[in-house]
>>> print(open('start_9.txt').read())   # compact mmCIF, N, CA and C atoms
# COMPACT_ATOMS: atom_id res chain seq x y z
N MET A 1 97.05 -110.87 -193.63
CA MET A 1 95.89 -110.52 -192.87
C MET A 1 95.08 -109.46 -193.59
N SER A 2 93.79 -109.56 -193.48
CA SER A 2 92.96 -108.53 -194.10
C SER A 2 92.83 -107.35 -193.14
N ASP A 3 92.35 -106.25 -193.65
CA ASP A 3 92.22 -105.05 -192.83
C ASP A 3 91.19 -105.21 -191.71
N THR A 4 90.19 -106.08 -191.90
CA THR A 4 89.16 -106.25 -190.87
C THR A 4 89.69 -107.02 -189.66
N ASN A 5 90.73 -107.83 -189.86
CA ASN A 5 91.30 -108.61 -188.77
C ASN A 5 92.52 -107.93 -188.15
N ALA A 6 92.97 -106.85 -188.69
CA ALA A 6 94.16 -106.18 -188.19
C ALA A 6 93.85 -105.54 -186.84
N ARG A 7 94.81 -105.70 -185.93
CA ARG A 7 94.65 -105.10 -184.61
C ARG A 7 95.73 -104.05 -184.43
N THR A 8 95.38 -103.07 -183.64
CA THR A 8 96.35 -102.01 -183.39
C THR A 8 97.29 -102.45 -182.28
N ALA A 9 98.38 -101.76 -182.13
CA ALA A 9 99.35 -102.06 -181.08
C ALA A 9 98.70 -101.90 -179.70
N GLU A 10 97.81 -100.93 -179.58
CA GLU A 10 97.14 -100.70 -178.30
C GLU A 10 96.23 -101.88 -177.95
N GLN A 11 95.56 -102.44 -178.95
CA GLN A 11 94.69 -103.60 -178.71
C GLN A 11 95.51 -104.82 -178.28
N ILE A 12 96.64 -105.01 -178.95
CA ILE A 12 97.52 -106.13 -178.61
C ILE A 12 98.06 -105.95 -177.19
N GLU A 13 98.49 -104.74 -176.85
CA GLU A 13 98.99 -104.46 -175.50
C GLU A 13 97.90 -104.67 -174.45
N ALA A 14 96.67 -104.28 -174.77
CA ALA A 14 95.56 -104.48 -173.84
C ALA A 14 95.29 -105.98 -173.64
N ASP A 15 95.36 -106.76 -174.72
CA ASP A 15 95.18 -108.20 -174.61
C ASP A 15 96.28 -108.82 -173.75
N ILE A 16 97.50 -108.38 -173.95
CA ILE A 16 98.64 -108.89 -173.17
C ILE A 16 98.45 -108.54 -171.70
N ALA A 17 98.04 -107.32 -171.41
CA ALA A 17 97.82 -106.89 -170.03
C ALA A 17 96.70 -107.70 -169.38
N ALA A 18 95.63 -107.96 -170.13
CA ALA A 18 94.52 -108.75 -169.58
C ALA A 18 94.97 -110.19 -169.31
N THR A 19 95.73 -110.76 -170.23
CA THR A 19 96.24 -112.12 -170.05
C THR A 19 97.18 -112.17 -168.85
N ARG A 20 98.02 -111.17 -168.70
CA ARG A 20 98.95 -111.12 -167.58
C ARG A 20 98.18 -111.05 -166.25
N ALA A 21 97.10 -110.27 -166.22
CA ALA A 21 96.30 -110.14 -165.00
C ALA A 21 95.61 -111.47 -164.66
N ARG A 22 95.08 -112.15 -165.69
CA ARG A 22 94.44 -113.45 -165.44
C ARG A 22 95.47 -114.46 -164.93
N LEU A 23 96.65 -114.45 -165.53
CA LEU A 23 97.71 -115.37 -165.11
C LEU A 23 98.13 -115.08 -163.67
N ALA A 24 98.28 -113.83 -163.31
CA ALA A 24 98.65 -113.47 -161.94
C ALA A 24 97.59 -113.93 -160.95
N SER A 25 96.33 -113.77 -161.32
CA SER A 25 95.24 -114.22 -160.46
C SER A 25 95.27 -115.73 -160.28
N THR A 26 95.52 -116.45 -161.36
CA THR A 26 95.59 -117.91 -161.29
C THR A 26 96.75 -118.36 -160.42
N VAL A 27 97.89 -117.72 -160.56
CA VAL A 27 99.06 -118.07 -159.75
C VAL A 27 98.77 -117.80 -158.28
N ASP A 28 98.15 -116.66 -157.97
CA ASP A 28 97.80 -116.34 -156.59
C ASP A 28 96.86 -117.39 -156.01
N GLU A 29 95.89 -117.83 -156.79
CA GLU A 29 94.94 -118.85 -156.33
C GLU A 29 95.66 -120.17 -156.07
N LEU A 30 96.58 -120.55 -156.94
CA LEU A 30 97.34 -121.79 -156.75
C LEU A 30 98.22 -121.72 -155.51
N VAL A 31 98.85 -120.58 -155.29
CA VAL A 31 99.68 -120.41 -154.10
C VAL A 31 98.82 -120.53 -152.85
N ASP A 32 97.63 -119.94 -152.88
CA ASP A 32 96.73 -120.01 -151.74
C ASP A 32 96.28 -121.45 -151.49
N ARG A 33 95.97 -122.18 -152.54
CA ARG A 33 95.54 -123.58 -152.39
C ARG A 33 96.66 -124.45 -151.85
N ALA A 34 97.90 -124.17 -152.24
CA ALA A 34 99.03 -125.02 -151.85
C ALA A 34 99.62 -124.65 -150.49
N ASN A 35 99.13 -123.58 -149.89
CA ASN A 35 99.64 -123.15 -148.58
C ASN A 35 99.33 -124.25 -147.56
N PRO A 36 100.34 -124.76 -146.85
CA PRO A 36 100.12 -125.85 -145.89
C PRO A 36 99.07 -125.53 -144.83
N LYS A 37 99.04 -124.30 -144.37
CA LYS A 37 98.04 -123.92 -143.36
C LYS A 37 96.63 -124.05 -143.94
N ASN A 38 96.44 -123.60 -145.17
CA ASN A 38 95.13 -123.70 -145.81
C ASN A 38 94.76 -125.16 -146.09
N LEU A 39 95.75 -125.96 -146.48
CA LEU A 39 95.50 -127.39 -146.69
C LEU A 39 95.01 -128.04 -145.40
N ALA A 40 95.67 -127.72 -144.29
CA ALA A 40 95.28 -128.29 -143.00
C ALA A 40 93.87 -127.84 -142.62
N LEU A 41 93.56 -126.58 -142.82
CA LEU A 41 92.22 -126.07 -142.49
C LEU A 41 91.15 -126.78 -143.32
N ARG A 42 91.43 -127.00 -144.61
CA ARG A 42 90.46 -127.70 -145.45
C ARG A 42 90.27 -129.14 -144.99
N GLN A 43 91.35 -129.79 -144.58
CA GLN A 43 91.24 -131.17 -144.11
C GLN A 43 90.43 -131.24 -142.81
N VAL A 44 90.64 -130.26 -141.92
CA VAL A 44 89.86 -130.22 -140.67
C VAL A 44 88.39 -130.02 -140.98
N GLU A 45 88.09 -129.10 -141.87
CA GLU A 45 86.69 -128.85 -142.24
C GLU A 45 86.06 -130.08 -142.88
N GLN A 46 86.82 -130.77 -143.70
CA GLN A 46 86.31 -131.98 -144.33
C GLN A 46 86.04 -133.06 -143.29
N ALA A 47 86.93 -133.20 -142.32
CA ALA A 47 86.72 -134.19 -141.26
C ALA A 47 85.50 -133.83 -140.42
N LYS A 48 85.35 -132.54 -140.11
CA LYS A 48 84.18 -132.11 -139.34
C LYS A 48 82.89 -132.38 -140.10
N SER A 49 82.91 -132.17 -141.40
CA SER A 49 81.69 -132.40 -142.18
C SER A 49 81.32 -133.88 -142.23
N GLN A 50 82.28 -134.75 -142.00
CA GLN A 50 81.98 -136.17 -141.96
C GLN A 50 81.32 -136.56 -140.63
N VAL A 51 81.63 -135.81 -139.56
CA VAL A 51 81.13 -136.15 -138.23
C VAL A 51 79.89 -135.34 -137.86
N PHE A 52 79.81 -134.10 -138.34
CA PHE A 52 78.69 -133.23 -138.01
C PHE A 52 77.88 -132.90 -139.26
N ASP A 53 76.57 -132.75 -139.10
CA ASP A 53 75.72 -132.37 -140.23
C ASP A 53 75.67 -130.84 -140.34
N GLU A 54 74.82 -130.33 -141.22
CA GLU A 54 74.75 -128.89 -141.49
C GLU A 54 74.28 -128.09 -140.28
N GLN A 55 73.50 -128.73 -139.39
CA GLN A 55 72.99 -128.03 -138.20
C GLN A 55 73.95 -128.17 -137.01
N GLY A 56 75.07 -128.84 -137.19
CA GLY A 56 76.04 -129.01 -136.11
C GLY A 56 75.76 -130.21 -135.23
N GLN A 57 74.82 -131.06 -135.64
CA GLN A 57 74.48 -132.25 -134.87
C GLN A 57 75.42 -133.40 -135.28
N LEU A 58 75.72 -134.26 -134.30
CA LEU A 58 76.56 -135.42 -134.61
C LEU A 58 75.85 -136.35 -135.56
N ARG A 59 76.59 -136.86 -136.50
CA ARG A 59 76.06 -137.89 -137.40
C ARG A 59 76.30 -139.23 -136.72
N THR A 60 75.33 -139.65 -135.91
CA THR A 60 75.54 -140.83 -135.07
C THR A 60 75.72 -142.10 -135.89
N GLN A 61 75.05 -142.20 -137.02
CA GLN A 61 75.19 -143.42 -137.82
C GLN A 61 76.62 -143.57 -138.33
N LYS A 62 77.21 -142.48 -138.81
CA LYS A 62 78.59 -142.56 -139.29
C LYS A 62 79.54 -142.83 -138.13
N LEU A 63 79.28 -142.17 -137.02
CA LEU A 63 80.13 -142.34 -135.85
C LEU A 63 80.08 -143.79 -135.36
N LEU A 64 78.88 -144.37 -135.32
CA LEU A 64 78.74 -145.77 -134.91
C LEU A 64 79.42 -146.71 -135.90
N ALA A 65 79.34 -146.39 -137.17
CA ALA A 65 80.00 -147.22 -138.18
C ALA A 65 81.51 -147.21 -137.99
N VAL A 66 82.07 -146.04 -137.73
CA VAL A 66 83.51 -145.94 -137.51
C VAL A 66 83.91 -146.68 -136.25
N VAL A 67 83.15 -146.49 -135.17
CA VAL A 67 83.46 -147.18 -133.91
C VAL A 67 83.35 -148.69 -134.11
N GLY A 68 82.34 -149.14 -134.84
CA GLY A 68 82.19 -150.56 -135.11
C GLY A 68 83.35 -151.12 -135.92
N ALA A 69 83.79 -150.37 -136.91
CA ALA A 69 84.92 -150.81 -137.74
C ALA A 69 86.19 -150.91 -136.91
N VAL A 70 86.42 -149.91 -136.06
CA VAL A 70 87.61 -149.94 -135.20
C VAL A 70 87.53 -151.13 -134.25
N ALA A 71 86.37 -151.34 -133.66
CA ALA A 71 86.21 -152.48 -132.74
C ALA A 71 86.43 -153.80 -133.48
N GLY A 72 85.95 -153.90 -134.71
CA GLY A 72 86.15 -155.10 -135.50
C GLY A 72 87.62 -155.36 -135.79
N VAL A 73 88.33 -154.33 -136.16
CA VAL A 73 89.77 -154.48 -136.44
C VAL A 73 90.52 -154.89 -135.18
N VAL A 74 90.19 -154.25 -134.06
CA VAL A 74 90.85 -154.60 -132.79
C VAL A 74 90.53 -156.05 -132.44
N GLY A 75 89.29 -156.46 -132.63
CA GLY A 75 88.90 -157.84 -132.35
C GLY A 75 89.68 -158.83 -133.19
N VAL A 76 89.79 -158.57 -134.47
CA VAL A 76 90.54 -159.45 -135.36
C VAL A 76 92.01 -159.51 -134.94
N LEU A 77 92.58 -158.38 -134.60
CA LEU A 77 93.98 -158.37 -134.16
C LEU A 77 94.17 -159.17 -132.88
N LEU A 78 93.22 -159.07 -131.95
CA LEU A 78 93.32 -159.85 -130.71
C LEU A 78 93.21 -161.34 -130.98
N VAL A 79 92.33 -161.74 -131.88
CA VAL A 79 92.20 -163.15 -132.24
C VAL A 79 93.47 -163.65 -132.89
N ILE A 80 94.02 -162.88 -133.79
CA ILE A 80 95.28 -163.27 -134.45
C ILE A 80 96.40 -163.40 -133.42
N ARG A 81 96.46 -162.46 -132.51
CA ARG A 81 97.52 -162.49 -131.49
C ARG A 81 97.38 -163.74 -130.61
N ARG A 82 96.15 -164.06 -130.27
CA ARG A 82 95.91 -165.24 -129.42
C ARG A 82 96.28 -166.52 -130.17
N LEU A 83 95.94 -166.59 -131.46
CA LEU A 83 96.27 -167.76 -132.26
C LEU A 83 97.77 -167.91 -132.44
N VAL A 84 98.46 -166.82 -132.67
CA VAL A 84 99.91 -166.86 -132.85
C VAL A 84 100.58 -167.20 -131.52
N GLY A 85 100.02 -166.75 -130.42
CA GLY A 85 100.60 -167.02 -129.10
C GLY A 85 100.51 -168.49 -128.68
N ARG A 86 99.60 -169.27 -129.28
CA ARG A 86 99.45 -170.69 -128.95
C ARG A 86 100.55 -171.54 -129.54
N ARG A 87 101.25 -171.06 -130.51
CA ARG A 87 102.29 -171.86 -131.18
C ARG A 87 103.49 -172.05 -130.33
>>> encode(input="start_9.txt", output="structure tokens")
Amino acid sequence: MSDTNARTAEQIEADIAATRARLASTVDELVDRANPKNLALRQVEQAKSQVFDEQGQLRTQKLLAVVGAVAGVVGVLLVIRRLVGRR
């Protein structure tokens, strides 16, 4: 190594301390993300954002689409049940 690239022990220790602090912060963030309570809260918020818009109003088009899909699935199941029951 040349003299211009040489680092002192204090500089190396400072780099290690900074890296350790960044690593600790990253681990804390990962623990927070993986917390089951936080996961559940994020899922609830995501579900709410699908049903409500930014002003808190119901997204009627999405709600009607979901209700229509459920009604369609129930209808298909009833038809299948009726067809199977005839045998």
>>> residues_around(input="start_9.txt", residues="range 63-75 of chain A", least_positions_apart="5", cutoff="8 Å", atoms="all atoms listed in the file", output="list in words")
Gln50, Val51, Leu58, Ile80 and Arg81 of chain A
>>> select_by_dssp(input="start_9.txt", residues="chain A", states="alpha helix (DSSP H)", output="PyMOL selection string")
chain A and resi 9-34+36-51+60-85
>>> atom_distance(input="start_9.txt", atom1="CA of Gln46 in chain A", atom2="atom C of Lys62 in chain A")
14.2 Å
>>> atom_distance(input="start_9.txt", atom1="CA of Val44 in chain A", atom2="CA of Gln57 in chain A")
16.6 Å
>>> atom_distance(input="start_9.txt", atom1="CA of Thr8 in chain A", atom2="CA of Thr26 in chain A")
27.2 Å
>>> build_atoms(input="start_9.txt", residues="range 3-26 of chain A", atoms="N, CA, C and O atoms", output="PDB file, in the frame of the given file")
ATOM      1  N   ASP A   3      92.350-106.250-193.650  1.00  0.00           N
ATOM      2  CA  ASP A   3      92.220-105.050-192.830  1.00  0.00           C
ATOM      3  C   ASP A   3      91.190-105.210-191.710  1.00  0.00           C
ATOM      4  O   ASP A   3      91.287-104.562-190.680  1.00  0.00           O
ATOM      5  N   THR A   4      90.190-106.080-191.900  1.00  0.00           N
ATOM      6  CA  THR A   4      89.160-106.250-190.870  1.00  0.00           C
ATOM      7  C   THR A   4      89.690-107.020-189.660  1.00  0.00           C
ATOM      8  O   THR A   4      89.174-106.882-188.572  1.00  0.00           O
ATOM      9  N   ASN A   5      90.730-107.830-189.860  1.00  0.00           N
ATOM     10  CA  ASN A   5      91.300-108.610-188.770  1.00  0.00           C
ATOM     11  C   ASN A   5      92.520-107.930-188.150  1.00  0.00           C
ATOM     12  O   ASN A   5      93.049-108.428-187.165  1.00  0.00           O
ATOM     13  N   ALA A   6      92.970-106.850-188.690  1.00  0.00           N
ATOM     14  CA  ALA A   6      94.160-106.180-188.190  1.00  0.00           C
ATOM     15  C   ALA A   6      93.850-105.540-186.840  1.00  0.00           C
ATOM     16  O   ALA A   6      92.804-104.959-186.635  1.00  0.00           O
ATOM     17  N   ARG A   7      94.810-105.700-185.930  1.00  0.00           N
ATOM     18  CA  ARG A   7      94.650-105.100-184.610  1.00  0.00           C
ATOM     19  C   ARG A   7      95.730-104.050-184.430  1.00  0.00           C
ATOM     20  O   ARG A   7      96.847-104.195-184.918  1.00  0.00           O
ATOM     21  N   THR A   8      95.380-103.070-183.640  1.00  0.00           N
ATOM     22  CA  THR A   8      96.350-102.010-183.390  1.00  0.00           C
ATOM     23  C   THR A   8      97.290-102.450-182.280  1.00  0.00           C
ATOM     24  O   THR A   8      97.013-103.409-181.542  1.00  0.00           O
ATOM     25  N   ALA A   9      98.380-101.760-182.130  1.00  0.00           N
ATOM     26  CA  ALA A   9      99.350-102.060-181.080  1.00  0.00           C
ATOM     27  C   ALA A   9      98.700-101.900-179.700  1.00  0.00           C
ATOM     28  O   ALA A   9      98.967-102.692-178.785  1.00  0.00           O
ATOM     29  N   GLU A  10      97.810-100.930-179.580  1.00  0.00           N
ATOM     30  CA  GLU A  10      97.140-100.700-178.300  1.00  0.00           C
ATOM     31  C   GLU A  10      96.230-101.880-177.950  1.00  0.00           C
ATOM     32  O   GLU A  10      96.144-102.295-176.792  1.00  0.00           O
ATOM     33  N   GLN A  11      95.560-102.440-178.950  1.00  0.00           N
ATOM     34  CA  GLN A  11      94.690-103.600-178.710  1.00  0.00           C
ATOM     35  C   GLN A  11      95.510-104.820-178.280  1.00  0.00           C
ATOM     36  O   GLN A  11      95.144-105.551-177.358  1.00  0.00           O
ATOM     37  N   ILE A  12      96.640-105.010-178.950  1.00  0.00           N
ATOM     38  CA  ILE A  12      97.520-106.130-178.610  1.00  0.00           C
ATOM     39  C   ILE A  12      98.060-105.950-177.190  1.00  0.00           C
ATOM     40  O   ILE A  12      98.076-106.889-176.387  1.00  0.00           O
ATOM     41  N   GLU A  13      98.490-104.740-176.850  1.00  0.00           N
ATOM     42  CA  GLU A  13      98.990-104.460-175.500  1.00  0.00           C
ATOM     43  C   GLU A  13      97.900-104.670-174.450  1.00  0.00           C
ATOM     44  O   GLU A  13      98.162-105.198-173.363  1.00  0.00           O
ATOM     45  N   ALA A  14      96.670-104.280-174.770  1.00  0.00           N
ATOM     46  CA  ALA A  14      95.560-104.480-173.840  1.00  0.00           C
ATOM     47  C   ALA A  14      95.290-105.980-173.640  1.00  0.00           C
ATOM     48  O   ALA A  14      95.033-106.421-172.506  1.00  0.00           O
ATOM     49  N   ASP A  15      95.360-106.760-174.720  1.00  0.00           N
ATOM     50  CA  ASP A  15      95.180-108.200-174.610  1.00  0.00           C
ATOM     51  C   ASP A  15      96.280-108.820-173.750  1.00  0.00           C
ATOM     52  O   ASP A  15      96.019-109.693-172.921  1.00  0.00           O
ATOM     53  N   ILE A  16      97.500-108.380-173.950  1.00  0.00           N
ATOM     54  CA  ILE A  16      98.640-108.890-173.170  1.00  0.00           C
ATOM     55  C   ILE A  16      98.450-108.540-171.700  1.00  0.00           C
ATOM     56  O   ILE A  16      98.657-109.382-170.809  1.00  0.00           O
ATOM     57  N   ALA A  17      98.040-107.320-171.410  1.00  0.00           N
ATOM     58  CA  ALA A  17      97.820-106.890-170.030  1.00  0.00           C
ATOM     59  C   ALA A  17      96.700-107.700-169.380  1.00  0.00           C
ATOM     60  O   ALA A  17      96.815-108.114-168.214  1.00  0.00           O
ATOM     61  N   ALA A  18      95.630-107.960-170.130  1.00  0.00           N
ATOM     62  CA  ALA A  18      94.520-108.750-169.580  1.00  0.00           C
ATOM     63  C   ALA A  18      94.970-110.190-169.310  1.00  0.00           C
ATOM     64  O   ALA A  18      94.634-110.775-168.272  1.00  0.00           O
ATOM     65  N   THR A  19      95.730-110.760-170.230  1.00  0.00           N
ATOM     66  CA  THR A  19      96.240-112.120-170.050  1.00  0.00           C
ATOM     67  C   THR A  19      97.180-112.170-168.850  1.00  0.00           C
ATOM     68  O   THR A  19      97.118-113.113-168.045  1.00  0.00           O
ATOM     69  N   ARG A  20      98.020-111.170-168.700  1.00  0.00           N
ATOM     70  CA  ARG A  20      98.950-111.120-167.580  1.00  0.00           C
ATOM     71  C   ARG A  20      98.180-111.050-166.250  1.00  0.00           C
ATOM     72  O   ARG A  20      98.525-111.712-165.278  1.00  0.00           O
ATOM     73  N   ALA A  21      97.100-110.270-166.220  1.00  0.00           N
ATOM     74  CA  ALA A  21      96.300-110.140-165.000  1.00  0.00           C
ATOM     75  C   ALA A  21      95.610-111.470-164.660  1.00  0.00           C
ATOM     76  O   ALA A  21      95.571-111.878-163.493  1.00  0.00           O
ATOM     77  N   ARG A  22      95.080-112.150-165.690  1.00  0.00           N
ATOM     78  CA  ARG A  22      94.440-113.450-165.440  1.00  0.00           C
ATOM     79  C   ARG A  22      95.470-114.460-164.930  1.00  0.00           C
ATOM     80  O   ARG A  22      95.193-115.246-164.024  1.00  0.00           O
ATOM     81  N   LEU A  23      96.650-114.450-165.530  1.00  0.00           N
ATOM     82  CA  LEU A  23      97.710-115.370-165.110  1.00  0.00           C
ATOM     83  C   LEU A  23      98.130-115.080-163.670  1.00  0.00           C
ATOM     84  O   LEU A  23      98.297-116.013-162.868  1.00  0.00           O
ATOM     85  N   ALA A  24      98.280-113.830-163.310  1.00  0.00           N
ATOM     86  CA  ALA A  24      98.650-113.470-161.940  1.00  0.00           C
ATOM     87  C   ALA A  24      97.590-113.930-160.950  1.00  0.00           C
ATOM     88  O   ALA A  24      97.900-114.444-159.871  1.00  0.00           O
ATOM     89  N   SER A  25      96.330-113.770-161.320  1.00  0.00           N
ATOM     90  CA  SER A  25      95.240-114.220-160.460  1.00  0.00           C
ATOM     91  C   SER A  25      95.270-115.730-160.280  1.00  0.00           C
ATOM     92  O   SER A  25      95.082-116.248-159.172  1.00  0.00           O
ATOM     93  N   THR A  26      95.520-116.450-161.360  1.00  0.00           N
ATOM     94  CA  THR A  26      95.590-117.910-161.290  1.00  0.00           C
ATOM     95  C   THR A  26      96.750-118.360-160.420  1.00  0.00           C
ATOM     96  O   THR A  26      96.606-119.271-159.600  1.00  0.00           O
TER      97      THR A  26
END
